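Undergrad: Dropping in run_7.cif, which is mmCIF, C-alpha atoms:
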data_input
#
loop_
_atom_site.label_atom_id
_atom_site.label_comp_id
_atom_site.auth_asym_id
_atom_site.auth_seq_id
_atom_site.Cartn_x
_atom_site.Cartn_y
_atom_site.Cartn_z
CA MET A 1 11.95 -40.72 -39.61
CA ASN A 2 14.14 -43.45 -41.18
CA ASN A 3 17.35 -42.49 -39.34
CA ILE A 4 15.84 -41.76 -35.93
CA SER A 5 15.10 -44.36 -33.27
CA PHE A 6 11.53 -44.57 -32.04
CA ASP A 7 10.67 -42.04 -29.33
CA GLU A 8 7.41 -43.04 -27.65
CA LYS A 9 6.74 -39.66 -26.00
CA HIS A 10 7.45 -37.79 -29.23
CA ALA A 11 5.14 -40.09 -31.21
CA ILE A 12 2.28 -39.56 -28.75
CA HIS A 13 2.91 -35.80 -28.79
CA GLU A 14 2.70 -35.78 -32.60
CA LEU A 15 -0.48 -37.84 -32.55
CA LYS A 16 -2.13 -35.47 -30.06
CA HIS A 17 -1.17 -32.52 -32.28
CA PHE A 18 -2.74 -33.95 -35.43
CA LEU A 19 -5.74 -35.77 -33.97
CA PRO A 20 -9.02 -33.81 -33.92
CA ALA A 21 -9.55 -32.14 -30.53
CA GLN A 22 -13.06 -33.58 -30.24
CA GLN A 23 -14.78 -32.38 -27.05
CA ALA A 24 -17.91 -33.83 -25.48
CA LEU A 25 -20.96 -32.76 -27.49
CA LYS A 26 -22.75 -31.30 -24.46
CA ASP A 27 -20.67 -28.13 -24.90
CA PHE A 28 -20.78 -25.28 -27.41
CA ILE A 29 -18.24 -26.64 -29.91
CA HIS A 30 -16.26 -24.98 -32.64
CA HIS A 31 -13.60 -27.31 -34.00
CA ASN A 32 -11.31 -26.87 -36.98
CA SER A 33 -10.30 -30.34 -38.14
CA LEU A 34 -7.29 -28.82 -39.94
CA HIS A 35 -6.02 -26.99 -36.84
CA ALA A 36 -2.61 -28.70 -37.12
CA PHE A 37 -2.03 -26.92 -40.46
CA GLN A 38 -3.15 -23.42 -39.47
CA HIS A 39 0.42 -22.11 -39.42
CA MET A 40 0.72 -22.73 -43.17
CA LYS A 41 -0.62 -20.75 -46.11
CA PHE A 42 -4.15 -21.86 -46.96
CA TYR A 43 -3.57 -23.92 -50.09
CA ASP A 44 -0.26 -25.36 -48.86
CA GLY A 45 -2.00 -26.45 -45.67
CA ILE A 46 -5.05 -28.10 -47.23
CA PHE A 47 -3.08 -29.94 -49.90
CA LYS A 48 -0.64 -31.26 -47.30
CA ALA A 49 -3.51 -32.39 -45.06
CA SER A 50 -5.08 -34.14 -48.05
CA LYS A 51 -1.84 -35.93 -48.96
CA ILE A 52 -1.09 -37.06 -45.40
CA PHE A 53 -4.55 -38.04 -44.17
CA GLY A 54 -6.67 -38.31 -47.31
CA PHE A 55 -8.99 -35.48 -46.23
CA GLN A 56 -11.42 -34.16 -48.85
CA VAL A 57 -10.45 -30.47 -48.83
CA HIS A 58 -12.01 -29.21 -52.06
CA LEU A 59 -14.62 -30.00 -54.69
CA GLN A 60 -13.84 -32.50 -57.43
CA LEU A 61 -12.55 -31.23 -60.79
CA PRO A 62 -15.75 -32.24 -62.68
CA GLU A 63 -17.81 -30.27 -60.12
CA TYR A 64 -15.89 -27.05 -60.79
CA ARG A 65 -16.26 -27.55 -64.53
CA ALA A 66 -20.01 -28.20 -64.16
CA MET A 67 -20.44 -24.98 -62.15
CA TYR A 68 -18.60 -23.09 -64.87
CA GLN A 69 -20.97 -24.49 -67.50
CA THR A 70 -24.03 -23.44 -65.45
CA GLY A 71 -22.68 -19.96 -64.73
CA ARG A 72 -22.07 -20.35 -60.97
CA ILE A 73 -18.41 -19.72 -61.76
CA ARG A 74 -18.42 -16.67 -63.98
CA GLU A 75 -16.35 -16.34 -67.14
CA ASP A 76 -15.08 -12.82 -66.34
CA VAL A 77 -14.09 -13.82 -62.81
CA LEU A 78 -12.24 -16.91 -64.03
CA GLN A 79 -10.33 -14.81 -66.54
CA MET A 80 -9.41 -12.31 -63.83
CA VAL A 81 -8.14 -15.03 -61.44
CA ILE A 82 -6.01 -16.73 -64.11
CA ALA A 83 -4.52 -13.42 -65.25
CA ASN A 84 -3.69 -12.34 -61.69
CA LYS A 85 -2.02 -15.60 -60.73
CA LYS A 86 -0.49 -16.84 -63.98
CA GLY A 87 -0.15 -13.65 -66.05
CA LYS A 88 -2.20 -12.49 -69.01
CA GLU A 89 0.24 -14.03 -71.49
CA ASN A 90 -0.47 -17.51 -70.03
CA SER A 91 -4.24 -17.11 -69.66
CA ASN A 92 -5.31 -19.15 -72.67
CA ASP A 93 -2.98 -22.03 -71.87
CA TRP A 94 -4.15 -22.29 -68.24
CA LYS A 95 -7.79 -21.86 -69.19
CA GLN A 96 -7.56 -24.89 -71.47
CA LYS A 97 -6.00 -26.87 -68.61
CA LEU A 98 -8.86 -25.88 -66.33
CA LEU A 99 -11.58 -26.70 -68.87
CA THR A 100 -10.41 -29.74 -70.81
CA LYS A 101 -7.15 -31.34 -69.64
CA GLU A 102 -7.46 -34.80 -68.04
CA TYR A 103 -5.71 -35.42 -64.71
CA ASP A 104 -5.18 -38.41 -62.46
CA THR A 105 -7.27 -37.30 -59.48
CA ILE A 106 -6.76 -40.41 -57.33
CA ASN A 107 -5.18 -39.42 -54.01
CA LEU A 108 -3.24 -42.09 -52.09
CA PRO A 109 -2.75 -40.71 -48.58
CA ARG A 110 0.39 -41.51 -46.62
CA ILE A 111 -1.69 -42.75 -43.70
CA ARG A 112 -3.05 -46.34 -43.81
CA GLN A 113 -0.43 -47.59 -46.26
CA LEU A 114 1.36 -49.86 -43.75
CA ARG A 115 -1.38 -51.67 -41.83
CA LYS A 116 -3.08 -52.68 -45.07
CA TYR A 117 -0.41 -55.40 -45.36
CA TRP A 118 -2.23 -57.42 -42.69
CA LYS A 119 -4.93 -57.96 -45.31
CA ASP A 120 -2.53 -58.36 -48.23
CA VAL A 121 -0.22 -60.90 -46.54
CA TYR A 122 -2.29 -62.65 -43.86
CA HIS A 123 -5.82 -61.95 -45.15
CA ILE A 124 -6.92 -60.67 -41.76
CA ASP A 125 -8.84 -57.43 -41.15
CA LEU A 126 -7.53 -56.27 -37.76
CA ASP A 127 -9.87 -53.28 -37.68
CA ASN A 128 -12.89 -55.51 -38.14
CA LYS A 129 -11.64 -57.92 -35.47
CA VAL A 130 -10.57 -55.35 -32.86
CA HIS A 131 -12.71 -52.22 -33.24
CA PRO A 132 -16.16 -53.58 -32.24
CA LEU A 133 -14.87 -54.76 -28.85
CA LEU A 134 -12.61 -51.72 -28.35
CA PHE A 135 -15.40 -49.24 -29.06
CA ARG A 136 -17.87 -51.01 -26.78
CA ILE A 137 -15.36 -50.89 -23.93
CA LEU A 138 -14.63 -47.18 -24.53
CA CYS A 139 -18.36 -46.38 -24.72
CA ALA A 140 -19.02 -48.15 -21.44
CA PHE A 141 -16.05 -46.60 -19.63
CA LEU A 142 -16.71 -43.03 -20.83
CA ASP A 143 -20.50 -43.26 -20.45
CA GLN A 144 -22.16 -40.17 -18.96
CA GLY A 145 -25.27 -41.85 -17.58
CA ILE A 146 -26.88 -42.91 -20.86
CA ALA A 147 -26.10 -46.62 -20.65
CA ILE A 148 -28.61 -48.98 -19.04
CA ASN A 149 -25.89 -50.50 -16.83
CA SER A 150 -22.99 -48.48 -15.47
CA PHE A 151 -19.37 -49.54 -15.89
CA PRO A 152 -18.53 -52.10 -13.18
CA VAL A 153 -15.39 -50.30 -11.92
CA VAL A 154 -15.49 -46.57 -11.19
CA ASN A 155 -13.07 -43.92 -9.95
CA LYS A 156 -10.04 -45.67 -11.40
CA PRO A 157 -7.94 -45.02 -14.52
CA PHE A 158 -8.87 -46.85 -17.71
CA LEU A 159 -6.32 -49.69 -17.66
CA GLU A 160 -6.62 -50.21 -13.92
CA SER A 161 -10.39 -50.58 -14.33
CA ILE A 162 -9.96 -53.15 -17.11
CA LYS A 163 -7.38 -55.01 -15.03
CA GLU A 164 -9.68 -55.22 -12.02
CA MET A 165 -12.47 -56.58 -14.21
CA GLU A 166 -10.11 -59.18 -15.68
CA GLN A 167 -9.01 -60.31 -12.22
CA ASN A 168 -12.56 -60.66 -10.87
CA SER A 169 -14.48 -62.03 -13.85
CA PHE A 170 -15.12 -65.55 -15.17
CA VAL A 171 -14.79 -64.27 -18.74
CA SER A 172 -12.07 -62.17 -20.37
CA PHE A 173 -11.74 -59.49 -23.01
CA PHE A 174 -8.78 -61.50 -24.34
CA LYS A 175 -9.06 -64.75 -26.27
CA THR A 176 -5.54 -66.05 -25.51
CA LYS A 177 -4.11 -66.76 -22.07
CA VAL A 178 -0.64 -65.50 -23.00
CA VAL A 179 -1.77 -61.96 -23.84
CA ARG A 180 -4.16 -61.89 -20.87
CA GLN A 181 -1.33 -62.78 -18.48
CA GLN A 182 0.92 -60.20 -20.14
CA PHE A 183 -1.76 -57.54 -19.57
CA LEU A 184 -2.33 -58.53 -15.93
CA SER A 185 1.39 -58.58 -15.19
CA GLY A 186 1.90 -55.11 -16.67
CA ASN A 187 4.97 -56.44 -18.46
CA TYR A 188 4.50 -54.45 -21.65
CA SER A 189 5.05 -51.04 -23.22
CA ILE A 190 4.17 -49.45 -26.54
CA SER A 191 7.70 -50.11 -27.81
CA SER A 192 7.75 -53.77 -26.76
CA LEU A 193 4.31 -54.43 -28.25
CA LEU A 194 5.30 -52.72 -31.50
CA LYS A 195 8.45 -54.84 -31.65
CA THR A 196 6.33 -58.00 -31.47
CA ILE A 197 3.62 -56.83 -33.88
CA VAL A 198 5.48 -54.56 -36.32
CA GLY A 199 9.09 -55.67 -36.09
CA LYS A 200 11.43 -53.01 -37.48
CA GLU A 201 11.72 -49.89 -35.34
CA GLU A 202 11.75 -47.40 -38.22
CA TYR A 203 8.14 -48.33 -38.99
CA TYR A 204 6.75 -47.83 -35.45
CA GLU A 205 5.56 -44.25 -35.76
CA GLN A 206 3.96 -44.85 -39.15
CA TYR A 207 2.12 -47.87 -37.73
CA LEU A 208 0.77 -45.85 -34.79
CA PHE A 209 -0.53 -43.12 -37.11
CA ASP A 210 -2.16 -45.78 -39.31
CA GLN A 211 -3.75 -47.36 -36.26
CA GLN A 212 -5.02 -44.27 -34.48
CA PHE A 213 -6.28 -42.53 -37.62
CA SER A 214 -8.36 -45.58 -38.47
CA HIS A 215 -10.62 -44.23 -35.67
CA HIS A 216 -9.40 -40.65 -35.28
CA GLY A 217 -12.72 -39.56 -33.75
CA TRP A 218 -12.31 -41.87 -30.76
CA SER A 219 -8.59 -41.19 -30.44
CA GLY A 220 -9.15 -37.44 -30.66
CA PHE A 221 -11.88 -37.63 -28.02
CA VAL A 222 -9.67 -39.61 -25.63
CA SER A 223 -6.86 -37.12 -26.18
CA ALA A 224 -9.21 -34.19 -25.45
CA VAL A 225 -10.54 -35.85 -22.28
CA GLU A 226 -6.97 -36.48 -21.12
CA ASP A 227 -6.10 -32.79 -21.54
CA ASN A 228 -9.41 -31.40 -20.27
CA PRO A 229 -11.17 -33.94 -18.01
CA GLN A 230 -13.53 -31.19 -16.81
CA THR A 231 -15.32 -31.34 -20.19
CA LEU A 232 -17.06 -34.49 -18.92
CA LEU A 233 -19.79 -34.17 -16.31
CA ASP A 234 -18.81 -37.52 -14.85
CA ARG A 235 -15.02 -37.29 -15.05
CA LYS A 236 -13.01 -40.26 -16.30
CA GLN A 237 -9.29 -40.93 -16.14
CA ILE A 238 -7.94 -42.05 -19.50
CA THR A 239 -4.92 -41.20 -21.62
CA LEU A 240 -4.04 -41.66 -25.28
CA LYS A 241 -1.09 -43.80 -24.17
CA GLU A 242 -3.45 -46.19 -22.37
CA LEU A 243 -5.69 -46.41 -25.44
CA ILE A 244 -2.73 -47.26 -27.68
CA GLU A 245 -1.39 -49.89 -25.28
CA PHE A 246 -4.76 -51.57 -24.89
CA GLU A 247 -5.43 -51.56 -28.65
CA LEU A 248 -2.00 -53.07 -29.34
CA LEU A 249 -2.74 -55.80 -26.79
CA LEU A 250 -6.06 -56.54 -28.49
CA GLU A 251 -4.30 -56.70 -31.87
CA LEU A 252 -1.66 -59.08 -30.53
CA ASP A 253 -4.38 -61.20 -28.95
CA THR A 254 -6.31 -61.34 -32.24
CA LEU A 255 -3.24 -62.30 -34.27
CA ASN A 256 -2.36 -65.10 -31.86
CA ASN A 257 -5.95 -66.34 -31.74
CA VAL A 258 -6.62 -66.29 -35.49
CA LEU A 259 -3.18 -67.12 -36.91
CA GLY A 260 -1.60 -69.03 -34.04
CA LYS A 261 2.12 -69.36 -34.71
CA LYS A 262 1.71 -68.82 -38.45
CA TRP A 263 2.59 -65.14 -38.44
CA GLN A 264 5.65 -62.93 -38.17
CA PRO A 265 6.04 -59.23 -37.40
CA LEU A 266 4.40 -57.20 -40.15
CA THR A 267 7.54 -55.60 -41.58
CA ASN A 268 9.13 -58.99 -42.23
CA ASN A 269 6.82 -59.11 -45.25
CA VAL A 270 6.97 -55.43 -46.27
CA THR A 271 9.22 -54.37 -49.11
CA ILE A 272 8.42 -50.64 -49.19
CA SER A 273 10.53 -48.16 -47.24
CA PRO A 274 9.02 -46.30 -44.27
CA ILE A 275 7.00 -43.30 -45.40
CA ALA A 276 8.07 -39.86 -44.17
CA ILE A 277 4.57 -38.89 -43.08
CA PHE A 278 5.22 -35.16 -42.65
CA ALA A 279 7.59 -34.58 -45.57
CA ASP A 280 6.82 -31.59 -47.78
CA VAL A 281 4.20 -32.06 -50.49
CA GLU A 282 5.09 -31.14 -54.05
CA LYS A 283 2.64 -28.73 -55.61
CA THR A 284 1.40 -30.50 -58.72
CA GLU A 285 -0.23 -28.96 -61.78
CA LEU A 286 -3.54 -30.45 -60.65
CA ALA A 287 -3.19 -28.62 -57.31
CA GLN A 288 -2.62 -25.35 -59.18
CA VAL A 289 -5.68 -26.01 -61.34
CA ILE A 290 -7.81 -26.68 -58.23
CA GLU A 291 -6.48 -23.49 -56.61
CA LEU A 292 -7.52 -21.41 -59.64
CA TRP A 293 -10.96 -23.02 -59.76
CA GLN A 294 -11.53 -22.47 -56.05
CA ASP A 295 -10.52 -18.81 -56.20
CA ALA A 296 -12.81 -18.26 -59.19
CA PHE A 297 -15.67 -20.01 -57.38
CA GLU A 298 -15.26 -17.88 -54.26
CA TRP A 299 -14.88 -14.59 -56.11
CA SER A 300 -17.95 -15.34 -58.24
CA TYR A 301 -19.85 -15.52 -54.96
CA TYR A 302 -18.14 -12.56 -53.28
CA ASP A 303 -18.78 -10.30 -56.26
CA SER A 304 -22.50 -11.10 -56.30
CA VAL A 305 -22.87 -10.61 -52.55
CA LEU A 306 -20.95 -7.31 -52.50
CA LYS A 307 -22.97 -6.03 -55.45
CA GLY A 308 -26.19 -7.00 -53.65
CA ILE A 309 -25.09 -5.12 -50.52
CA LEU A 310 -24.22 -2.06 -52.60
CA ILE A 311 -27.64 -2.05 -54.29
CA ALA A 312 -29.41 -2.55 -50.96
CA ASN A 313 -27.51 0.32 -49.34
CA THR A 314 -28.30 2.59 -52.26
CA LYS A 315 -32.01 1.87 -51.96
CA ASN A 316 -31.89 2.40 -48.19
CA GLU A 317 -30.18 5.76 -48.58
CA GLU A 318 -32.77 6.86 -51.09
CA SER A 319 -35.69 5.90 -48.84
CA ASN A 320 -33.99 7.07 -45.60
CA GLU A 321 -34.46 3.67 -43.95
CA ILE A 322 -30.92 2.73 -42.88
CA SER A 323 -31.31 3.93 -39.29
CA THR A 324 -34.63 2.14 -38.81
CA GLN A 325 -33.78 -1.13 -40.58
CA PHE A 326 -33.68 -3.17 -37.36
CA LEU A 327 -36.05 -0.99 -35.33
CA SER A 328 -39.28 -1.96 -37.04
CA THR A 329 -42.10 -3.09 -34.82
CA VAL A 330 -44.15 -6.24 -35.03
CA GLY A 331 -47.05 -4.12 -36.23
CA ASP A 332 -45.15 -3.33 -39.42
CA LYS A 333 -44.32 -6.98 -40.07
CA THR A 334 -46.20 -10.23 -40.54
CA PHE A 335 -43.93 -11.66 -37.87
CA GLN A 336 -40.36 -11.46 -36.57
CA ALA A 337 -38.08 -14.36 -35.69
CA ILE A 338 -34.63 -14.56 -34.11
CA PHE A 339 -32.24 -17.26 -35.31
CA CYS A 340 -28.78 -18.34 -34.21
CA ILE A 341 -25.96 -16.94 -36.33
CA ASP A 342 -25.17 -20.11 -38.21
CA GLU A 343 -24.91 -21.07 -41.87
CA ARG A 344 -27.49 -23.83 -41.32
CA GLU A 345 -30.15 -21.34 -40.23
CA ASP A 346 -29.27 -18.80 -42.93
CA SER A 347 -30.95 -20.78 -45.72
CA ILE A 348 -34.14 -20.99 -43.63
CA ARG A 349 -34.09 -17.23 -43.04
CA ARG A 350 -33.60 -16.46 -46.72
CA HIS A 351 -36.45 -18.79 -47.67
CA ILE A 352 -38.83 -17.20 -45.14
CA GLU A 353 -38.04 -13.68 -46.36
CA ALA A 354 -38.44 -14.77 -49.99
CA VAL A 355 -41.86 -16.32 -49.33
CA ASP A 356 -43.13 -13.49 -47.12
CA LYS A 357 -41.74 -10.05 -47.98
CA ASN A 358 -43.22 -8.60 -44.76
CA ALA A 359 -41.47 -11.09 -42.46
CA GLU A 360 -38.28 -10.08 -40.67
CA THR A 361 -35.60 -12.45 -39.39
CA LEU A 362 -32.76 -11.41 -37.10
CA GLY A 363 -29.52 -13.17 -36.15
CA ALA A 364 -28.02 -13.46 -32.68
CA PRO A 365 -25.36 -15.63 -31.02
CA GLY A 366 -26.78 -18.90 -29.69
CA PHE A 367 -26.06 -17.81 -26.12
CA PHE A 368 -27.55 -14.33 -26.81
CA GLY A 369 -24.39 -12.52 -25.72
CA VAL A 370 -24.68 -13.68 -22.10
CA GLU A 371 -22.03 -16.21 -21.10
CA PHE A 372 -23.55 -18.52 -18.48
CA TYR A 373 -23.80 -21.95 -16.92
CA PHE A 374 -27.25 -23.53 -16.74
CA LEU A 375 -28.35 -25.83 -13.92
CA GLN A 376 -31.55 -27.70 -14.69
CA GLN A 377 -33.90 -28.41 -11.80
CA GLY A 378 -33.01 -31.76 -10.26
CA SER A 379 -29.78 -32.02 -12.25
CA LYS A 380 -26.51 -32.92 -10.59
CA PHE A 381 -24.36 -31.02 -13.09
CA TYR A 382 -24.57 -27.69 -14.88
CA ASP A 383 -23.88 -27.06 -18.57
CA LYS A 384 -21.72 -24.37 -20.11
CA LEU A 385 -23.80 -22.51 -22.70
CA CYS A 386 -21.33 -20.31 -24.52
CA PRO A 387 -18.33 -20.74 -26.85
CA ALA A 388 -15.46 -22.88 -25.57
CA PRO A 389 -12.87 -20.07 -25.12
CA VAL A 390 -15.29 -17.98 -23.01
CA THR A 391 -15.40 -18.37 -19.22
CA PRO A 392 -18.98 -17.79 -17.99
CA LYS A 393 -19.64 -15.10 -15.39
CA TYR A 394 -23.18 -16.18 -14.54
CA LEU A 395 -25.03 -19.26 -13.33
CA ILE A 396 -28.71 -19.61 -14.22
CA LYS A 397 -30.66 -22.07 -12.08
CA GLU A 398 -34.04 -23.58 -12.81
CA TYR A 399 -36.30 -24.03 -9.79
CA ASP A 400 -39.99 -24.33 -8.88
CA ALA A 401 -40.72 -25.82 -12.29
CA LYS A 402 -44.42 -26.68 -12.35
CA ALA A 403 -44.47 -29.19 -15.18
CA GLU A 404 -42.88 -32.56 -14.57
CA LYS A 405 -41.63 -34.78 -17.34
CA LYS A 406 -43.81 -37.86 -17.60
CA GLY A 407 -42.05 -41.17 -17.79
CA GLU A 408 -42.97 -43.77 -20.39
CA LEU A 409 -43.30 -47.36 -19.21
CA ILE A 410 -41.92 -48.55 -22.52
CA TYR A 411 -38.53 -47.06 -21.58
CA THR A 412 -38.19 -49.00 -18.32
CA LYS A 413 -35.04 -51.11 -17.89
CA LEU A 414 -37.23 -54.18 -17.54
CA THR A 415 -37.88 -54.16 -21.29
CA HIS A 416 -34.24 -55.17 -21.84
CA GLY A 417 -34.52 -58.46 -19.95
CA ILE A 418 -35.09 -61.72 -21.83
CA LEU A 419 -38.33 -62.88 -20.17
CA SER A 420 -39.53 -59.50 -18.89
CA GLY A 421 -38.73 -57.89 -22.24
CA PHE A 422 -40.75 -60.53 -24.10
CA LEU A 423 -43.79 -60.17 -21.84
CA LEU A 424 -43.70 -56.38 -21.73
CA SER A 425 -43.28 -56.11 -25.51
CA ILE A 426 -46.46 -58.14 -26.03
CA SER A 427 -48.34 -56.14 -23.39
CA PHE A 428 -47.23 -52.75 -24.74
CA GLY A 429 -48.04 -53.91 -28.27
CA PHE A 430 -51.66 -54.73 -27.41
CA TRP A 431 -51.94 -51.51 -25.37
CA ALA A 432 -50.67 -49.42 -28.29
CA PHE A 433 -53.14 -51.17 -30.61
CA ALA A 434 -56.03 -50.43 -28.22
CA LYS A 435 -55.05 -46.74 -27.98
CA LYS A 436 -54.74 -46.45 -31.76
CA TYR A 437 -58.10 -48.18 -32.30
CA ASN A 438 -59.78 -45.92 -29.76
CA TYR A 439 -58.34 -42.85 -31.51
CA TYR A 440 -59.66 -44.16 -34.84
CA LEU A 441 -63.17 -44.56 -33.38
CA THR A 442 -63.19 -41.05 -31.90
CA GLN A 443 -62.11 -39.55 -35.24
CA LYS A 444 -64.98 -41.26 -37.06
#
Using structure tokens, write down the structure from this file.
TA:
Amino acid sequence: MNNISFDEKHAIHELKHFLPAQQALKDFIHHNSLHAFQHMKFYDGIFKASKIFGFQVHLQLPEYRAMYQTGRIREDVLQMVIANKKGKENSNDWKQKLLTKEYDTINLPRIRQLRKYWKDVYHIDLDNKVHPLLFRILCAFLDQGIAINSFPVVNKPFLESIKEMEQNSFVSFFKTKVVRQQFLSGNYSISSLLKTIVGKEEYYEQYLFDQQFSHHGWSGFVSAVEDNPQTLLDRKQITLKELIEFELLLELDTLNNVLGKKWQPLTNNVTISPIAIFADVEKTELAQVIELWQDAFEWSYYDSVLKGILIANTKNEESNEISTQFLSTVGDKTFQAIFCIDEREDSIRRHIEAVDKNAETLGAPGFFGVEFYFLQQGSKFYDKLCPAPVTPKYLIKEYDAKAEKKGELIYTKLTHGILSGFLLSISFGFWAFAKKYNYYLTQK
């Protein structure tokens, strides 16, 4: 990165690759936050992700040691893992490292090491100054009908919408006239803004990664909407490039407003060399210790589960019940329940079966094996109710629904006004008290 001039398109491409591909939550979502490292071997990938972004990819060393003391990580399994990976002749040495050796476990990620100098040198928290306004604007622009008031400008790209609001409003998102005029004129680019804010070109890409990964959820969502606008019911036109440009403008505006002329580009005060964000990560002894602990933890679990399955199959063969295991009728059981196949539901199922030996729980995909869109009665849009990679073949429509959802007066928009909100709050308060008091009297 040090010897290469800044390439704006390449930097945005890299950001889109490493940012989480966060889709709108209305859809069936399966997202691997480490998708950018899937081409690597497991441990190489997770340790590199941890070093670059600071992700927590494994348990802490004291946690592994505590599980060993309580028996969750078994002695025989740990011995087997160490012998297989480090050789029997080195088993004792590595076991002592796992159990007693002290390590420096503090991880300083490569991301967020550059922008911290705003605090160190100028004592200004740009995130705290910029993010509240930026997030409110993004929420309003990308709103899907939840907000009380809709975004003033519709059917236009993000920056064009902001520009129209700036041109037709008495107030501005910007605090300084210079940056506002620069935005309205369109006389800016990512490179030119970085030159003013950051200074030295070799630091540009590192600064952008620091900036966008300070809110990687929002950045990842914008990137996903740019690539797949159909994931929103009410489609919006926005790009990651627009987000970066607008955020840089807000940062420049904040610096000028707070510091005036008493600031210089960031790298004028930075003595460290640019960090090669994606350079290879050396595999430390601590990483090897964590790898051994994790393997021992997993195999302690696998061994118990496989043994349990073996015992269960043996009992089923003896009692001739294998073929009828899932064909029992309700009459044979206290009750039957179907749950989604999900690790969150699994603990509930196990608890139910432990409490009631005659209960039976079954697992099924959340969309029950039928890929479909669902159109609710009176709804303008339909929802996709199946995994993201699957294209539905069916559309299920709701119609002739007898029950209507009752509206609550307390949720009217009038409660958000200053005078109307005050009056309605008092009225609803007395009404709620009367209802509660009446309920109390009837119970007596």
Undergrad: So that I can check the surroundings of Val130 of chain A, please list as a PDB file with C-alpha atoms, in the frame of the given file every protein, DNA and RNA residue that reaches within 8 Å of it, counting only C-alpha atoms and ignoring chain neighbours fewer than 3 positions away.
TA:
ATOM      1  CA  LEU A 126      -7.530 -56.270 -37.760  1.00  0.00           C
ATOM      2  CA  ASP A 127      -9.870 -53.280 -37.680  1.00  0.00           C
ATOM      3  CA  LEU A 133     -14.870 -54.760 -28.850  1.00  0.00           C
ATOM      4  CA  LEU A 134     -12.610 -51.720 -28.350  1.00  0.00           C
ATOM      5  CA  GLU A 247      -5.430 -51.560 -28.650  1.00  0.00           C
ATOM      6  CA  LEU A 250      -6.060 -56.540 -28.490  1.00  0.00           C
ATOM      7  CA  GLU A 251      -4.300 -56.700 -31.870  1.00  0.00           C
ATOM      8  CA  THR A 254      -6.310 -61.340 -32.240  1.00  0.00           C
TER       9      THR A 254
END
Undergrad: Write out as JSON, numbers by chain the residues lying within 10 Å of Leu15 of chain A, counting only C-alpha atoms and excluding same-chain residues fewer than 6 positions away.
TA: {"A": [9, 205, 208, 209, 212, 213, 216, 219, 220, 223, 240]}
Undergrad: One decimal, in Å: what's the spacing between atom CA of Leu248 of chain A and atom CA of Leu194 of chain A?
TA: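 For atom CA of Leu248 of chain A relative to atom CA of Leu194 of chain A, the distance reads 7.6 Å.
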Undergrad: Got a sec to resolve the PyMOL selection byres ((chain A and resi 136-151) around 7) on this structure and send the residues as a PyMOL selection string?
TA: chain A and resi 132-135+152-154+233-234+236+413
Undergrad: Could the residues in this selection be written to a file with C-alpha atoms, as a PDB file, keeping the file's coordinate frame?
TA:
ATOM      1  CA  PRO A 132     -16.160 -53.580 -32.240  1.00  0.00           C
ATOM      2  CA  LEU A 133     -14.870 -54.760 -28.850  1.00  0.00           C
ATOM      3  CA  LEU A 134     -12.610 -51.720 -28.350  1.00  0.00           C
ATOM      4  CA  PHE A 135     -15.400 -49.240 -29.060  1.00  0.00           C
ATOM      5  CA  PRO A 152     -18.530 -52.100 -13.180  1.00  0.00           C
ATOM      6  CA  VAL A 153     -15.390 -50.300 -11.920  1.00  0.00           C
ATOM      7  CA  VAL A 154     -15.490 -46.570 -11.190  1.00  0.00           C
ATOM      8  CA  LEU A 233     -19.790 -34.170 -16.310  1.00  0.00           C
ATOM      9  CA  ASP A 234     -18.810 -37.520 -14.850  1.00  0.00           C
ATOM     10  CA  LYS A 236     -13.010 -40.260 -16.300  1.00  0.00           C
ATOM     11  CA  LYS A 413     -35.040 -51.110 -17.890  1.00  0.00           C
TER      12      LYS A 413
END
Undergrad: Atom CA of Gln211 of chain A and atom CA of Glu164 of chain A, how far apart in Å?
TA: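 We find that atom CA of Glu164 of chain A and atom CA of Gln211 of chain A lie 26.2 Å from each other.
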Undergrad: Please, what distance in Å, to one decimal, runs between atom CA of Asn358 of chain A and atom CA of Arg72 of chain A?
TA: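 That distance, rounded to one decimal, is 29.1 Å.
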Undergrad: Missing atoms in segment 40-46 of chain A should be modelled up to N, CA and C atoms and reported as an mmCIF file, in the frame of the given file.
TA:
data_model
loop_
_atom_site.group_PDB
_atom_site.id
_atom_site.type_symbol
_atom_site.label_atom_id
_atom_site.label_comp_id
_atom_site.auth_asym_id
_atom_site.auth_seq_id
_atom_site.Cartn_x
_atom_site.Cartn_y
_atom_site.Cartn_z
ATOM 1 N N MET A 40 0.310 -22.743 -41.768
ATOM 2 C CA MET A 40 0.720 -22.730 -43.170
ATOM 3 C C MET A 40 -0.201 -21.829 -43.992
ATOM 4 N N LYS A 41 0.245 -21.455 -45.177
ATOM 5 C CA LYS A 41 -0.620 -20.750 -46.110
ATOM 6 C C LYS A 41 -1.764 -21.686 -46.500
ATOM 7 N N PHE A 42 -2.918 -21.095 -46.808
ATOM 8 C CA PHE A 42 -4.150 -21.860 -46.960
ATOM 9 C C PHE A 42 -4.006 -23.059 -47.898
ATOM 10 N N TYR A 43 -3.623 -22.827 -49.130
ATOM 11 C CA TYR A 43 -3.570 -23.920 -50.090
ATOM 12 C C TYR A 43 -2.466 -24.912 -49.764
ATOM 13 N N ASP A 44 -1.328 -24.436 -49.275
ATOM 14 C CA ASP A 44 -0.260 -25.360 -48.860
ATOM 15 C C ASP A 44 -0.757 -26.266 -47.750
ATOM 16 N N GLY A 45 -1.501 -25.684 -46.802
ATOM 17 C CA GLY A 45 -2.000 -26.450 -45.670
ATOM 18 C C GLY A 45 -3.010 -27.506 -46.062
ATOM 19 N N ILE A 46 -3.995 -27.128 -46.895
ATOM 20 C CA ILE A 46 -5.050 -28.100 -47.230
ATOM 21 C C ILE A 46 -4.529 -29.208 -48.126
#
